[in-house]
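Heads up, the thing below is written out as structure tokens.
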Amino acid sequence: MALIVQKYGGTSVGDIARIRSVAARVKHGLDQGHRMVVVLSAMAGVTNSLIALAQEMSPDPDPRELDVLLTTGEQQSVALFCMAARDLGIPARSLLGFQAAILTDRVFGRARINYIETRRILELLDKGRLVVVAGFQGVDEDSGDITTLGRGGSDTTAVALAAALHADVCEIYTDVEGVFTTDPNVEPKARKLRQVTYEEMLEMASLGAKVLDIRSVALAAKFGVKVHVRSTFSDREGTMVVPEAHIDERLMVSGVAYTKNEARIKVLDVPDQPGVASRLFNPISQAGIVVDVIIQNTSADGHTDLTFTVPRTDFRRALDLVGPVAAEIGAGQVEGDTNIAKVSIIGIGMRNHAGVAAKMFNVLAREGINIQTINTSEIKISCIIDEKYTELAVRALHDAFGLAEEVEPSREDLA
């Protein structure tokens, strides 16, 4: 008998029929003798409609009250699900974030979980109850205010509960069958991976893959939670996200990721002096804007050019922050470009293979794709390119590294 935490996303509980279908799936697990905790997202489209409602009421909704409003989406899901479960003879009990004692900090809209008091959940499990927890939400442990965890927060809720409860596995149910070698919408020959490491999944999540929220992967890696990504609409096995030691084969490249949520800012003629970079980036950091790639040209005549990328959604705000500081430090013009994308290859096998970067660059050159900036780690190589070439780059790299379903992944040593 295992303790299983299952999470179902918005599309999985998108209407009454799907909620009933999920309840039937959960009953199958209970009938096998497992103890289960189910985490639910809001029904598909509900969170967006609540945000729109808030913005209709106020152009700048109060963050605290917005969190109070947004949590009603998950409240609706868990209540309806428990009704469906009880009709199937399942003794289910719903818990909202504060009732499940998911304690967070006070950052409304993107709170972080500090601790989960599991006593109530364990008591319900010991009584033979199915525990159904509202994802995406918690409670500030100091003030008692309701908080939300941000987009993808239900994944984080599920993994955090699995860690706190020492669950045997955390199953993330979604509308795809697992983690693929790339986006099947771009490359139809993309192959489902049977296993992927925490490290690879972290890189994939940060580089554009939308299967798992990056915070949930980080939590899983920290606490050693086995995560099974699988489809709500299929009984087939999905992808296991596990420690590297559990991986059967270490492919040179496991996947190709991309994101179009990128924008580039370039500050010309920056005085090459100590403290200048700090002055440029401090206001960006204080605004909560994440900077990705940073490149500084070789100094000439005491000046250099500084280029960096930010999420496209933060581009205008970042420009407004950098412009005045550039003027203060005596830098030149500030330029921006939103017509870029980032394409990346990821794989733990890169550690033991030479020539991976050269092969990637050769593939892009052969397709006439210019590389604007490059960023690397032990297990990933990312290139900034013109946005219009994104899909072409993804397909070319996927083919070049032998990731297509009908061929065996390449294990050649490129040295």
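Chain labels run A, B, ... following the order of the structure tokens; each chain numbers its residues from 1, and ligands are numbered from 1 in the order shown.
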message: Residues within 9 Å of A:His398, please, as a VMD selection string. Count only C-alpha atoms; anything in the same chain fewer than 2 positions from it doesn't count.
response: chain A and resid 181 to 182 187 189 to 190 255 to 256 345 393 to 396 400 to 404
Interatomic distance, atom CA of A:Ala221 to atom CA of A:Val159 (Å, one decimal):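 Calculated distance between atom CA of A:Ala221 and atom CA of A:Val159 is 10.0 Å.
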- prompt: From the set A:Val276, A:Leu268, A:Ile346, A:Val334, which residue has the shortest atom-to-atom contact distance to A:Ala205, counting only C-alpha atoms?
  reply: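 Counting only C-alpha atoms, the residue closest to A:Ala205 is A:Ile346.
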Taking the chain letters and numbering used in this document, name the residues of stretch 123-236 of chain A that DSSP puts in strand (DSSP E or B), as a short mmCIF file (atom, residue, chain, number, x, y, z; two decimals) with C-alpha atoms, in the first residue's frame.
data_model
loop_
_atom_site.label_atom_id
_atom_site.label_comp_id
_atom_site.auth_asym_id
_atom_site.auth_seq_id
_atom_site.Cartn_x
_atom_site.Cartn_y
_atom_site.Cartn_z
CA LEU A 130 -9.52 10.79 0.53
CA VAL A 131 -7.95 14.21 1.10
CA VAL A 132 -8.57 16.76 -1.67
CA VAL A 133 -6.41 19.89 -1.39
CA ALA A 134 -6.85 23.15 -3.28
CA GLN A 137 -2.80 28.64 -2.45
CA GLY A 138 -1.62 28.90 1.11
CA VAL A 139 -1.73 31.17 4.12
CA ASP A 140 0.78 33.68 5.44
CA ILE A 146 -4.62 34.05 2.05
CA THR A 147 -1.79 33.86 -0.51
CA THR A 148 -1.32 32.37 -3.96
CA VAL A 169 5.30 9.19 -5.60
CA CYS A 170 3.82 12.46 -6.82
CA GLU A 171 1.79 11.99 -10.00
CA ILE A 172 1.27 15.14 -12.07
CA TYR A 173 -1.68 14.63 -14.42
CA THR A 174 -1.92 16.98 -17.36
CA PHE A 180 8.90 14.96 -24.76
CA LYS A 192 8.25 10.80 -25.08
CA GLN A 195 12.96 9.06 -17.59
CA VAL A 196 14.52 12.46 -17.09
CA THR A 197 16.75 13.75 -14.29
CA VAL A 227 7.54 12.73 -9.90
CA HIS A 228 5.52 10.90 -12.55
CA VAL A 229 4.26 13.19 -15.34
CA ARG A 230 1.37 11.56 -17.18
CA SER A 231 -1.87 12.21 -19.05
#
field: Shell of 12 Å around A:Ala287, only C-alpha atoms, local chain residues under 5 positions omitted, as a ChimeraX atom specification
entry: /A:281-282,314,317-322
Filtering to C-alpha atoms, could you give me those residues as a compact mmCIF listing (two decimals), in the first residue's frame?
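Here's the written file selection_27.txt:
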# COMPACT_ATOMS: atom_id res chain seq x y z
CA PHE A 281 21.22 45.92 -12.48
CA ASN A 282 20.20 46.90 -8.93
CA ASP A 314 9.11 42.70 -18.34
CA ARG A 317 9.52 48.01 -17.38
CA ALA A 318 13.20 47.04 -17.59
CA LEU A 319 13.83 49.67 -20.28
CA ASP A 320 12.20 52.33 -18.12
CA LEU A 321 14.47 51.37 -15.22
CA VAL A 322 17.71 51.13 -17.19
